[in-house]
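Below is one structure; the comments refer to it alone.
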Amino acid sequence: MLSEPRSGRLAAWGNALLAGFVSPDDAVLAIVGEDAVHRVAGLPGESAPVGLTLALGRLRALGVSGLRVALPVPGHPLGLSGPPEFNARALEAEEAVVCHGAGYGLVPEVYEAGPDGDVHVEVVWHCLPVREAPPADVPSLGEAERELAEALRDATAMLTRLDVAGSGPVAEAAIDAYRARAERGREALAPGYPPRAVRVLELAQRVGLLVALASEHGHGGAVSSAEMAARAEALRPVERTARRALVAAYNSVVEERERGVR
């Protein structure tokens, strides 16, 4: 949750491309980000992995009109619709992109090579059949925004009670630094997304970062195993809420199109 998921970049900028808001070159540049290269394997009609520009064009020709994000974890198949084979691959990667308009999905496989400080990252997106059905447990933007406000308040209060190191000024400083880095050189979402989606995405990232900081920055005052278990249990629904909101934000343009808003 500390960084933008690759599935989020692919869906957001892929949707902008499909809607005609950006050029193929600009979309691919944004999707690849700091990685070295992205390719798509298993695309219908192709015997070998192909580049993103060709892949996105081929998916459009196959009837794809939008892209949704899935961020599943064990026990929570968020954004998935089956079949089991695709769900298992997505669960292993903890993310996927599900096509709207045609029965395909994309699951990333990341390869890293090189020494610390000079890591070369390549991503292969595996194109697999998916079931065309409503995605699991994805809220509307309005629902996500309300849930996030409650989750942020509850998480802050709970972490303060447990005297967790990540609940005070350390967390705020880290969140501010993360936001500053995130705002340099990239948009929160791709062109074509509504302002509310941007707001929900940013709040979801903030809540997710707070959860990560609480998990990573020592035990604070929660020194007993019972207190540590209580903190983990309290954080679990907060993290779930943040993931649900991320998916809602990335998927919002497709959901609005389905409802006839656009």
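Convention: chains lettered A, B, ... in structure tokens order; per-chain residue numbering from 1; ligands numbered from 1 as shown.
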Near region 57-62 of chain A, counting only C-alpha atoms, which residues have an atom at most 9 Å away, once you skip same-chain residues fewer than 4 positions from it, shown as a PDB file with all heavy atoms, in the first residue's frame?
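After the write, result.pdb holds the following:
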```pdb
ATOM      1  N   LEU A  18      -8.211   4.180 -23.824  1.00  0.00           N
ATOM      2  CA  LEU A  18      -9.413   3.661 -24.463  1.00  0.00           C
ATOM      3  C   LEU A  18     -10.465   4.749 -24.678  1.00  0.00           C
ATOM      4  O   LEU A  18     -11.235   4.701 -25.639  1.00  0.00           O
ATOM      5  CB  LEU A  18     -10.002   2.524 -23.623  1.00  0.00           C
ATOM      6  CG  LEU A  18      -9.184   1.235 -23.572  1.00  0.00           C
ATOM      7  CD1 LEU A  18      -9.732   0.294 -22.503  1.00  0.00           C
ATOM      8  CD2 LEU A  18      -9.167   0.552 -24.935  1.00  0.00           C
ATOM      9  N   PRO A  24      -1.175   6.604 -27.182  1.00  0.00           N
ATOM     10  CA  PRO A  24      -0.575   5.333 -26.766  1.00  0.00           C
ATOM     11  C   PRO A  24       0.800   5.510 -26.129  1.00  0.00           C
ATOM     12  O   PRO A  24       1.111   4.859 -25.129  1.00  0.00           O
ATOM     13  CB  PRO A  24      -0.493   4.544 -28.077  1.00  0.00           C
ATOM     14  CG  PRO A  24      -1.607   5.095 -28.909  1.00  0.00           C
ATOM     15  CD  PRO A  24      -1.653   6.551 -28.585  1.00  0.00           C
ATOM     16  N   LEU A  43      -1.556 -13.205 -25.103  1.00  0.00           N
ATOM     17  CA  LEU A  43      -2.570 -12.416 -25.795  1.00  0.00           C
ATOM     18  C   LEU A  43      -3.107 -13.209 -26.985  1.00  0.00           C
ATOM     19  O   LEU A  43      -2.328 -13.807 -27.737  1.00  0.00           O
ATOM     20  CB  LEU A  43      -1.943 -11.105 -26.281  1.00  0.00           C
ATOM     21  CG  LEU A  43      -2.862  -9.945 -26.629  1.00  0.00           C
ATOM     22  CD1 LEU A  43      -3.625  -9.470 -25.398  1.00  0.00           C
ATOM     23  CD2 LEU A  43      -2.062  -8.802 -27.223  1.00  0.00           C
ATOM     24  N   PRO A  44      -4.419 -13.274 -27.181  1.00  0.00           N
ATOM     25  CA  PRO A  44      -4.967 -14.004 -28.326  1.00  0.00           C
ATOM     26  C   PRO A  44      -4.354 -13.532 -29.644  1.00  0.00           C
ATOM     27  O   PRO A  44      -4.238 -12.338 -29.905  1.00  0.00           O
ATOM     28  CB  PRO A  44      -6.462 -13.665 -28.267  1.00  0.00           C
ATOM     29  CG  PRO A  44      -6.722 -13.402 -26.818  1.00  0.00           C
ATOM     30  CD  PRO A  44      -5.479 -12.723 -26.313  1.00  0.00           C
ATOM     31  N   GLY A  45      -3.917 -14.502 -30.443  1.00  0.00           N
ATOM     32  CA  GLY A  45      -3.318 -14.186 -31.732  1.00  0.00           C
ATOM     33  C   GLY A  45      -1.834 -13.949 -31.696  1.00  0.00           C
ATOM     34  O   GLY A  45      -1.223 -13.718 -32.745  1.00  0.00           O
ATOM     35  N   LEU A  52       3.347  -3.205 -24.661  1.00  0.00           N
ATOM     36  CA  LEU A  52       2.070  -2.686 -24.176  1.00  0.00           C
ATOM     37  C   LEU A  52       1.264  -1.974 -25.260  1.00  0.00           C
ATOM     38  O   LEU A  52       0.040  -2.071 -25.292  1.00  0.00           O
ATOM     39  CB  LEU A  52       2.314  -1.722 -23.015  1.00  0.00           C
ATOM     40  CG  LEU A  52       2.478  -2.324 -21.622  1.00  0.00           C
ATOM     41  CD1 LEU A  52       2.766  -1.215 -20.619  1.00  0.00           C
ATOM     42  CD2 LEU A  52       1.238  -3.101 -21.201  1.00  0.00           C
ATOM     43  N   THR A  53       1.946  -1.259 -26.142  1.00  0.00           N
ATOM     44  CA  THR A  53       1.213  -0.525 -27.179  1.00  0.00           C
ATOM     45  C   THR A  53       0.411  -1.480 -28.046  1.00  0.00           C
ATOM     46  O   THR A  53      -0.790  -1.279 -28.285  1.00  0.00           O
ATOM     47  CB  THR A  53       2.184   0.292 -28.046  1.00  0.00           C
ATOM     48  OG1 THR A  53       2.915   1.198 -27.221  1.00  0.00           O
ATOM     49  CG2 THR A  53       1.421   1.078 -29.099  1.00  0.00           C
ATOM     50  N   GLY A  66     -12.980  -1.105 -21.224  1.00  0.00           N
ATOM     51  CA  GLY A  66     -12.548  -0.550 -19.950  1.00  0.00           C
ATOM     52  C   GLY A  66     -11.735  -1.561 -19.174  1.00  0.00           C
ATOM     53  O   GLY A  66     -11.739  -2.758 -19.484  1.00  0.00           O
ATOM     54  N   CYS A  99     -10.605  -7.055 -17.620  1.00  0.00           N
ATOM     55  CA  CYS A  99     -11.124  -6.298 -18.762  1.00  0.00           C
ATOM     56  C   CYS A  99     -12.646  -6.247 -18.724  1.00  0.00           C
ATOM     57  O   CYS A  99     -13.316  -7.213 -18.356  1.00  0.00           O
ATOM     58  CB  CYS A  99     -10.673  -6.940 -20.074  1.00  0.00           C
ATOM     59  SG  CYS A  99      -8.877  -6.968 -20.288  1.00  0.00           S
ATOM     60  N   GLY A 101     -15.924  -5.742 -21.155  1.00  0.00           N
ATOM     61  CA  GLY A 101     -16.314  -5.812 -22.556  1.00  0.00           C
ATOM     62  C   GLY A 101     -15.823  -7.059 -23.258  1.00  0.00           C
ATOM     63  O   GLY A 101     -16.275  -7.366 -24.360  1.00  0.00           O
ATOM     64  N   ALA A 102     -14.899  -7.778 -22.661  1.00  0.00           N
ATOM     65  CA  ALA A 102     -14.375  -9.033 -23.211  1.00  0.00           C
ATOM     66  C   ALA A 102     -13.812  -9.843 -22.045  1.00  0.00           C
ATOM     67  O   ALA A 102     -13.334  -9.276 -21.054  1.00  0.00           O
ATOM     68  CB  ALA A 102     -13.302  -8.779 -24.265  1.00  0.00           C
ATOM     69  N   TYR A 104     -11.270 -11.231 -20.584  1.00  0.00           N
ATOM     70  CA  TYR A 104      -9.830 -11.388 -20.373  1.00  0.00           C
ATOM     71  C   TYR A 104      -9.411 -10.654 -19.102  1.00  0.00           C
ATOM     72  O   TYR A 104     -10.046  -9.691 -18.674  1.00  0.00           O
ATOM     73  CB  TYR A 104      -9.037 -10.820 -21.558  1.00  0.00           C
ATOM     74  CG  TYR A 104      -9.369 -11.469 -22.873  1.00  0.00           C
ATOM     75  CD1 TYR A 104     -10.177 -10.811 -23.804  1.00  0.00           C
ATOM     76  CD2 TYR A 104      -8.899 -12.736 -23.188  1.00  0.00           C
ATOM     77  CE1 TYR A 104     -10.502 -11.402 -25.010  1.00  0.00           C
ATOM     78  CE2 TYR A 104      -9.217 -13.334 -24.398  1.00  0.00           C
ATOM     79  CZ  TYR A 104     -10.029 -12.670 -25.295  1.00  0.00           C
ATOM     80  OH  TYR A 104     -10.343 -13.262 -26.490  1.00  0.00           O
TER      81      TYR A 104
END
```
Find the residues near Glu256 (chain A): any atom within 12 Å, counting only C-alpha atoms, skip ones fewer than 4 places away on the same chain, and give them as a short mmCIF file (atom, residue, chain, number, x, y, z; two decimals) with N, CA and C atoms, in the first residue's frame.
```cif
data_model
loop_
_atom_site.label_atom_id
_atom_site.label_comp_id
_atom_site.auth_asym_id
_atom_site.auth_seq_id
_atom_site.Cartn_x
_atom_site.Cartn_y
_atom_site.Cartn_z
N GLY A 66 -12.98 -1.11 -21.22
CA GLY A 66 -12.55 -0.55 -19.95
C GLY A 66 -11.73 -1.56 -19.17
N SER A 140 -19.15 1.66 -4.12
CA SER A 140 -19.20 2.87 -4.93
C SER A 140 -18.23 3.89 -4.35
N LEU A 141 -17.95 4.95 -5.11
CA LEU A 141 -17.06 5.99 -4.60
C LEU A 141 -17.61 6.63 -3.34
N GLY A 192 -9.48 11.98 -17.30
CA GLY A 192 -10.78 11.37 -17.49
C GLY A 192 -11.44 10.89 -16.22
N TYR A 193 -10.68 10.83 -15.12
CA TYR A 193 -11.25 10.39 -13.85
C TYR A 193 -11.91 11.57 -13.14
N PRO A 194 -13.03 11.33 -12.44
CA PRO A 194 -13.70 12.42 -11.74
C PRO A 194 -12.90 12.87 -10.52
N ALA A 197 -12.92 10.61 -7.46
CA ALA A 197 -12.06 9.42 -7.51
C ALA A 197 -10.65 9.75 -7.06
N ALA A 248 -12.24 0.96 -5.80
CA ALA A 248 -13.37 1.80 -6.21
C ALA A 248 -12.90 3.01 -7.01
N ALA A 249 -11.79 3.62 -6.60
CA ALA A 249 -11.28 4.79 -7.31
C ALA A 249 -10.81 4.42 -8.71
N TYR A 250 -10.00 3.38 -8.81
CA TYR A 250 -9.48 2.98 -10.12
C TYR A 250 -10.60 2.52 -11.06
N ASN A 251 -11.64 1.91 -10.51
CA ASN A 251 -12.70 1.34 -11.34
C ASN A 251 -13.83 2.33 -11.64
N SER A 252 -13.74 3.53 -11.09
CA SER A 252 -14.87 4.45 -11.12
C SER A 252 -15.32 4.83 -12.52
N GLY A 260 -24.37 4.77 -16.97
CA GLY A 260 -24.83 5.79 -17.89
C GLY A 260 -24.57 7.20 -17.43
N VAL A 261 -23.64 7.34 -16.45
CA VAL A 261 -23.30 8.69 -15.98
C VAL A 261 -22.57 9.44 -17.04
N ARG A 262 -21.73 8.74 -17.83
CA ARG A 262 -20.97 9.39 -18.90
C ARG A 262 -21.45 8.89 -20.24
#
```
Enumerate as a tab-separated table (two decimals) with all heavy atoms, in the first residue's frame all residues of region 18-155 of chain A assigned to strand (DSSP E) by DSSP on the backbone, naming them with the chain letters and numbers the document uses.
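Output file states-v2.tsv is given in full below:
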```tsv
chain	number	residue	atom	x	y	z
A	37	VAL	N	10.66	-2.31	-18.48
A	37	VAL	CA	9.80	-2.65	-19.61
A	37	VAL	C	8.63	-3.48	-19.11
A	37	VAL	O	8.75	-4.21	-18.12
A	37	VAL	CB	10.59	-3.42	-20.70
A	37	VAL	CG1	11.05	-4.78	-20.16
A	37	VAL	CG2	9.79	-3.59	-21.98
A	38	HIS	N	7.49	-3.36	-19.80
A	38	HIS	CA	6.33	-4.21	-19.56
A	38	HIS	C	5.98	-4.92	-20.85
A	38	HIS	O	5.99	-4.32	-21.93
A	38	HIS	CB	5.12	-3.39	-19.11
A	38	HIS	CG	5.17	-2.90	-17.71
A	38	HIS	ND1	4.05	-2.78	-16.92
A	38	HIS	CD2	6.21	-2.52	-16.94
A	38	HIS	CE1	4.39	-2.32	-15.72
A	38	HIS	NE2	5.71	-2.14	-15.72
A	39	ARG	N	5.65	-6.21	-20.75
A	39	ARG	CA	5.17	-6.98	-21.89
A	39	ARG	C	3.92	-7.75	-21.50
A	39	ARG	O	3.64	-7.93	-20.32
A	39	ARG	CB	6.25	-7.95	-22.38
A	39	ARG	CG	7.52	-7.28	-22.89
A	39	ARG	CD	8.49	-8.31	-23.48
A	39	ARG	NE	9.69	-7.69	-24.01
A	39	ARG	CZ	10.78	-7.44	-23.30
A	39	ARG	NH1	10.81	-7.79	-22.01
A	39	ARG	NH2	11.83	-6.87	-23.85
A	40	VAL	N	3.18	-8.20	-22.50
A	40	VAL	CA	1.96	-8.97	-22.26
A	40	VAL	C	2.11	-10.32	-22.94
A	40	VAL	O	2.37	-10.39	-24.16
A	40	VAL	CB	0.72	-8.23	-22.80
A	40	VAL	CG1	-0.54	-9.07	-22.56
A	40	VAL	CG2	0.58	-6.87	-22.12
A	41	ALA	N	1.94	-11.40	-22.18
A	41	ALA	CA	2.05	-12.77	-22.68
A	41	ALA	C	0.67	-13.42	-22.71
A	41	ALA	O	-0.19	-13.12	-21.88
A	41	ALA	CB	3.00	-13.58	-21.81
A	50	VAL	N	4.29	-9.49	-26.14
A	50	VAL	CA	4.33	-8.30	-26.99
A	50	VAL	C	4.37	-7.06	-26.10
A	50	VAL	O	4.09	-7.12	-24.90
A	50	VAL	CB	3.11	-8.23	-27.93
A	50	VAL	CG1	3.07	-9.45	-28.83
A	50	VAL	CG2	1.81	-8.11	-27.13
A	51	GLY	N	4.71	-5.93	-26.69
A	51	GLY	CA	4.76	-4.68	-25.95
A	51	GLY	C	3.38	-4.16	-25.58
A	51	GLY	O	2.36	-4.60	-26.13
A	66	GLY	N	-12.98	-1.11	-21.22
A	66	GLY	CA	-12.55	-0.55	-19.95
A	66	GLY	C	-11.73	-1.56	-19.17
A	66	GLY	O	-11.74	-2.76	-19.48
A	67	LEU	N	-11.04	-1.07	-18.15
A	67	LEU	CA	-10.18	-1.92	-17.33
A	67	LEU	C	-10.49	-1.69	-15.86
A	67	LEU	O	-10.59	-0.54	-15.41
A	67	LEU	CB	-8.70	-1.62	-17.60
A	67	LEU	CG	-8.23	-1.81	-19.05
A	67	LEU	CD1	-6.80	-1.29	-19.20
A	67	LEU	CD2	-8.31	-3.27	-19.47
A	68	ARG	N	-10.64	-2.77	-15.12
A	68	ARG	CA	-10.88	-2.71	-13.68
A	68	ARG	C	-9.69	-3.28	-12.92
A	68	ARG	O	-8.95	-4.12	-13.44
A	68	ARG	CB	-12.13	-3.51	-13.30
A	68	ARG	CG	-13.46	-2.93	-13.72
A	68	ARG	CD	-14.57	-3.76	-13.11
A	68	ARG	NE	-15.90	-3.20	-13.30
A	68	ARG	CZ	-16.81	-3.68	-14.14
A	68	ARG	NH1	-16.52	-4.74	-14.88
A	68	ARG	NH2	-18.00	-3.12	-14.23
A	69	VAL	N	-9.54	-2.86	-11.68
A	69	VAL	CA	-8.48	-3.35	-10.81
A	69	VAL	C	-9.05	-4.35	-9.82
A	69	VAL	O	-10.17	-4.20	-9.33
A	69	VAL	CB	-7.82	-2.18	-10.05
A	69	VAL	CG1	-6.88	-2.68	-8.96
A	69	VAL	CG2	-7.05	-1.29	-11.02
A	70	ALA	N	-8.26	-5.38	-9.51
A	70	ALA	CA	-8.55	-6.30	-8.41
A	70	ALA	C	-7.34	-6.32	-7.48
A	70	ALA	O	-6.20	-6.39	-7.96
A	70	ALA	CB	-8.84	-7.70	-8.93
A	96	ALA	N	-4.47	-7.61	-9.98
A	96	ALA	CA	-4.78	-8.01	-11.35
A	96	ALA	C	-5.59	-6.90	-12.01
A	96	ALA	O	-6.11	-6.01	-11.33
A	96	ALA	CB	-5.56	-9.32	-11.39
A	97	VAL	N	-5.69	-6.99	-13.33
A	97	VAL	CA	-6.56	-6.10	-14.10
A	97	VAL	C	-7.57	-6.97	-14.82
A	97	VAL	O	-7.21	-7.97	-15.45
A	97	VAL	CB	-5.75	-5.27	-15.11
A	97	VAL	CG1	-6.67	-4.51	-16.06
A	97	VAL	CG2	-4.82	-4.30	-14.40
A	98	VAL	N	-8.85	-6.61	-14.71
A	98	VAL	CA	-9.93	-7.36	-15.33
A	98	VAL	C	-10.54	-6.51	-16.42
A	98	VAL	O	-10.93	-5.36	-16.18
A	98	VAL	CB	-10.99	-7.77	-14.29
A	98	VAL	CG1	-12.13	-8.52	-14.97
A	98	VAL	CG2	-10.37	-8.61	-13.18
A	99	CYS	N	-10.61	-7.05	-17.62
A	99	CYS	CA	-11.12	-6.30	-18.76
A	99	CYS	C	-12.65	-6.25	-18.72
A	99	CYS	O	-13.32	-7.21	-18.36
A	99	CYS	CB	-10.67	-6.94	-20.07
A	99	CYS	SG	-8.88	-6.97	-20.29
A	100	HIS	N	-13.18	-5.11	-19.14
A	100	HIS	CA	-14.61	-4.91	-19.28
A	100	HIS	C	-14.95	-4.91	-20.77
A	100	HIS	O	-14.32	-4.21	-21.55
A	100	HIS	CB	-15.03	-3.57	-18.66
A	100	HIS	CG	-16.49	-3.25	-18.85
A	100	HIS	ND1	-17.50	-3.98	-18.27
A	100	HIS	CD2	-17.10	-2.27	-19.56
A	100	HIS	CE1	-18.66	-3.48	-18.60
A	100	HIS	NE2	-18.44	-2.43	-19.39
A	104	TYR	N	-11.27	-11.23	-20.58
A	104	TYR	CA	-9.83	-11.39	-20.37
A	104	TYR	C	-9.41	-10.65	-19.10
A	104	TYR	O	-10.05	-9.69	-18.67
A	104	TYR	CB	-9.04	-10.82	-21.56
A	104	TYR	CG	-9.37	-11.47	-22.87
A	104	TYR	CD1	-10.18	-10.81	-23.80
A	104	TYR	CD2	-8.90	-12.74	-23.19
A	104	TYR	CE1	-10.50	-11.40	-25.01
A	104	TYR	CE2	-9.22	-13.33	-24.40
A	104	TYR	CZ	-10.03	-12.67	-25.29
A	104	TYR	OH	-10.34	-13.26	-26.49
A	105	GLY	N	-8.32	-11.15	-18.52
A	105	GLY	CA	-7.73	-10.48	-17.37
A	105	GLY	C	-6.22	-10.54	-17.47
A	105	GLY	O	-5.66	-11.38	-18.19
A	106	LEU	N	-5.55	-9.66	-16.75
A	106	LEU	CA	-4.09	-9.55	-16.80
A	106	LEU	C	-3.52	-9.62	-15.39
A	106	LEU	O	-3.94	-8.86	-14.51
A	106	LEU	CB	-3.69	-8.23	-17.46
A	106	LEU	CG	-4.23	-7.99	-18.87
A	106	LEU	CD1	-4.08	-6.52	-19.25
A	106	LEU	CD2	-3.50	-8.87	-19.88
A	107	VAL	N	-2.57	-10.52	-15.19
A	107	VAL	CA	-1.92	-10.69	-13.89
A	107	VAL	C	-0.43	-10.43	-14.06
A	107	VAL	O	0.21	-11.03	-14.94
A	107	VAL	CB	-2.13	-12.10	-13.32
A	107	VAL	CG1	-1.42	-12.24	-11.97
A	107	VAL	CG2	-3.62	-12.39	-13.17
A	108	PRO	N	0.17	-9.54	-13.25
A	108	PRO	CA	1.59	-9.22	-13.43
A	108	PRO	C	2.52	-10.24	-12.77
A	108	PRO	O	2.24	-10.76	-11.69
A	108	PRO	CB	1.73	-7.85	-12.74
A	108	PRO	CG	0.71	-7.92	-11.64
A	108	PRO	CD	-0.44	-8.71	-12.19
A	109	GLU	N	3.63	-10.48	-13.44
A	109	GLU	CA	4.73	-11.24	-12.87
A	109	GLU	C	5.98	-10.37	-12.97
A	109	GLU	O	6.32	-9.90	-14.07
A	109	GLU	CB	4.94	-12.56	-13.61
A	109	GLU	CG	5.97	-13.46	-12.96
A	109	GLU	CD	6.01	-14.84	-13.59
A	109	GLU	OE1	5.30	-15.07	-14.61
A	109	GLU	OE2	6.75	-15.69	-13.07
A	110	VAL	N	6.61	-10.11	-11.84
A	110	VAL	CA	7.71	-9.14	-11.77
A	110	VAL	C	9.04	-9.85	-11.68
A	110	VAL	O	9.22	-10.77	-10.87
A	110	VAL	CB	7.53	-8.20	-10.55
A	110	VAL	CG1	8.66	-7.19	-10.47
A	110	VAL	CG2	6.17	-7.49	-10.63
A	111	TYR	N	9.98	-9.42	-12.51
A	111	TYR	CA	11.33	-9.96	-12.51
A	111	TYR	C	12.30	-8.84	-12.15
A	111	TYR	O	12.25	-7.75	-12.74
A	111	TYR	CB	11.70	-10.52	-13.89
A	111	TYR	CG	10.79	-11.63	-14.37
A	111	TYR	CD1	9.64	-11.34	-15.09
A	111	TYR	CD2	11.09	-12.97	-14.10
A	111	TYR	CE1	8.80	-12.35	-15.53
A	111	TYR	CE2	10.25	-13.98	-14.54
A	111	TYR	CZ	9.11	-13.67	-15.26
A	111	TYR	OH	8.29	-14.67	-15.69
A	112	GLU	N	13.19	-9.11	-11.18
A	112	GLU	CA	14.17	-8.12	-10.76
A	112	GLU	C	15.58	-8.69	-10.91
A	112	GLU	O	15.82	-9.86	-10.63
A	112	GLU	CB	13.95	-7.71	-9.31
A	112	GLU	CG	12.62	-7.00	-9.06
A	112	GLU	CD	12.48	-6.53	-7.63
A	112	GLU	OE1	13.36	-6.89	-6.80
A	112	GLU	OE2	11.51	-5.82	-7.33
A	113	ALA	N	16.50	-7.84	-11.37
A	113	ALA	CA	17.90	-8.25	-11.51
A	113	ALA	C	18.79	-7.03	-11.27
A	113	ALA	O	18.38	-5.90	-11.50
A	113	ALA	CB	18.16	-8.83	-12.90
A	120	HIS	N	17.05	-3.71	-12.00
A	120	HIS	CA	16.38	-3.67	-13.30
A	120	HIS	C	15.08	-4.47	-13.17
A	120	HIS	O	15.12	-5.66	-12.86
A	120	HIS	CB	17.31	-4.30	-14.35
A	120	HIS	CG	16.74	-4.34	-15.72
A	120	HIS	ND1	16.86	-3.30	-16.61
A	120	HIS	CD2	16.04	-5.32	-16.37
A	120	HIS	CE1	16.27	-3.64	-17.76
A	120	HIS	NE2	15.76	-4.85	-17.63
A	121	VAL	N	13.95	-3.82	-13.38
A	121	VAL	CA	12.65	-4.46	-13.18
A	121	VAL	C	11.92	-4.63	-14.52
A	121	VAL	O	11.73	-3.66	-15.25
A	121	VAL	CB	11.77	-3.65	-12.22
A	121	VAL	CG1	10.40	-4.32	-12.04
A	121	VAL	CG2	12.45	-3.50	-10.88
A	122	GLU	N	11.55	-5.85	-14.80
A	122	GLU	CA	10.72	-6.15	-15.97
A	122	GLU	C	9.42	-6.78	-15.49
A	122	GLU	O	9.42	-7.56	-14.53
A	122	GLU	CB	11.44	-7.08	-16.93
A	122	GLU	CG	12.69	-6.48	-17.56
A	122	GLU	CD	13.26	-7.35	-18.66
A	122	GLU	OE1	12.61	-8.38	-19.01
A	122	GLU	OE2	14.34	-7.02	-19.17
A	123	VAL	N	8.33	-6.45	-16.17
A	123	VAL	CA	7.02	-6.97	-15.79
A	123	VAL	C	6.39	-7.67	-17.00
A	123	VAL	O	6.36	-7.12	-18.10
A	123	VAL	CB	6.08	-5.85	-15.31
A	123	VAL	CG1	4.71	-6.42	-14.94
A	123	VAL	CG2	6.69	-5.13	-14.11
A	124	VAL	N	5.94	-8.89	-16.77
A	124	VAL	CA	5.18	-9.63	-17.78
A	124	VAL	C	3.75	-9.77	-17.28
A	124	VAL	O	3.51	-10.33	-16.20
A	124	VAL	CB	5.78	-11.01	-18.05
A	124	VAL	CG1	4.90	-11.79	-19.03
A	124	VAL	CG2	7.19	-10.89	-18.61
A	125	TRP	N	2.81	-9.24	-18.05
A	125	TRP	CA	1.39	-9.38	-17.74
A	125	TRP	C	0.86	-10.62	-18.45
A	125	TRP	O	0.93	-10.70	-19.68
A	125	TRP	CB	0.61	-8.15	-18.20
A	125	TRP	CG	0.97	-6.89	-17.47
A	125	TRP	CD1	1.94	-6.00	-17.78
A	125	TRP	CD2	0.34	-6.40	-16.29
A	125	TRP	NE1	1.97	-4.98	-16.87
A	125	TRP	CE2	0.99	-5.19	-15.94
A	125	TRP	CE3	-0.71	-6.84	-15.47
A	125	TRP	CZ2	0.62	-4.43	-14.83
A	125	TRP	CZ3	-1.09	-6.10	-14.37
A	125	TRP	CH2	-0.43	-4.90	-14.07
A	126	HIS	N	0.35	-11.57	-17.69
A	126	HIS	CA	-0.19	-12.80	-18.27
A	126	HIS	C	-1.68	-12.61	-18.56
A	126	HIS	O	-2.46	-12.34	-17.64
A	126	HIS	CB	0.04	-13.97	-17.33
A	126	HIS	CG	1.48	-14.29	-17.11
A	126	HIS	ND1	2.21	-15.08	-17.99
A	126	HIS	CD2	2.36	-13.91	-16.15
A	126	HIS	CE1	3.46	-15.19	-17.56
A	126	HIS	NE2	3.58	-14.47	-16.46
A	127	CYS	N	-2.04	-12.74	-19.82
A	127	CYS	CA	-3.43	-12.58	-20.25
A	127	CYS	C	-4.13	-13.93	-20.13
A	127	CYS	O	-3.71	-14.92	-20.72
A	127	CYS	CB	-3.47	-12.08	-21.70
A	127	CYS	SG	-5.14	-11.75	-22.31
A	128	LEU	N	-5.22	-13.95	-19.35
A	128	LEU	CA	-5.93	-15.18	-19.04
A	128	LEU	C	-7.44	-14.96	-19.19
A	128	LEU	O	-7.92	-13.83	-19.08
A	128	LEU	CB	-5.63	-15.63	-17.60
A	128	LEU	CG	-4.15	-15.84	-17.25
A	128	LEU	CD1	-3.99	-15.88	-15.74
A	128	LEU	CD2	-3.63	-17.11	-17.88
A	129	PRO	N	-8.19	-16.04	-19.41
A	129	PRO	CA	-9.65	-15.90	-19.49
A	129	PRO	C	-10.24	-15.53	-18.13
A	129	PRO	O	-9.77	-16.00	-17.09
A	129	PRO	CB	-10.13	-17.30	-19.91
A	129	PRO	CG	-8.92	-17.99	-20.45
A	129	PRO	CD	-7.75	-17.42	-19.72
```
- Message: Counting only C-alpha atoms, which residue out of A:Ala234, A:Phe86, A:Gly114, A:Gly20 sits closest to Ala157 (chain A)?
- Response: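 Under the stated criterion, the closest residue is A:Ala234.
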- Query: Which of these residues is nearest to Glu92 (chain A), using only C-alpha atoms: A:Gly208, A:Gly33, A:Pro77, A:Pro237?
  - Reply: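 The shortest atom-to-atom distance to Glu92 (chain A) comes from A:Pro77.
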- Message: Rounded to one decimal, what separation in Å do you get between CA of Leu201 (chain A) and CA of Val130 (chain A)?
- Response: 25.7 Å
- Message: Given only C-alpha atoms as the basis, pick out the residue of A:Pro191, A:Gly42, A:Gly117, A:Gly82 nearest to Arg9 (chain A).
- Response: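 For Arg9 (chain A), the nearest of the candidates is A:Pro191.
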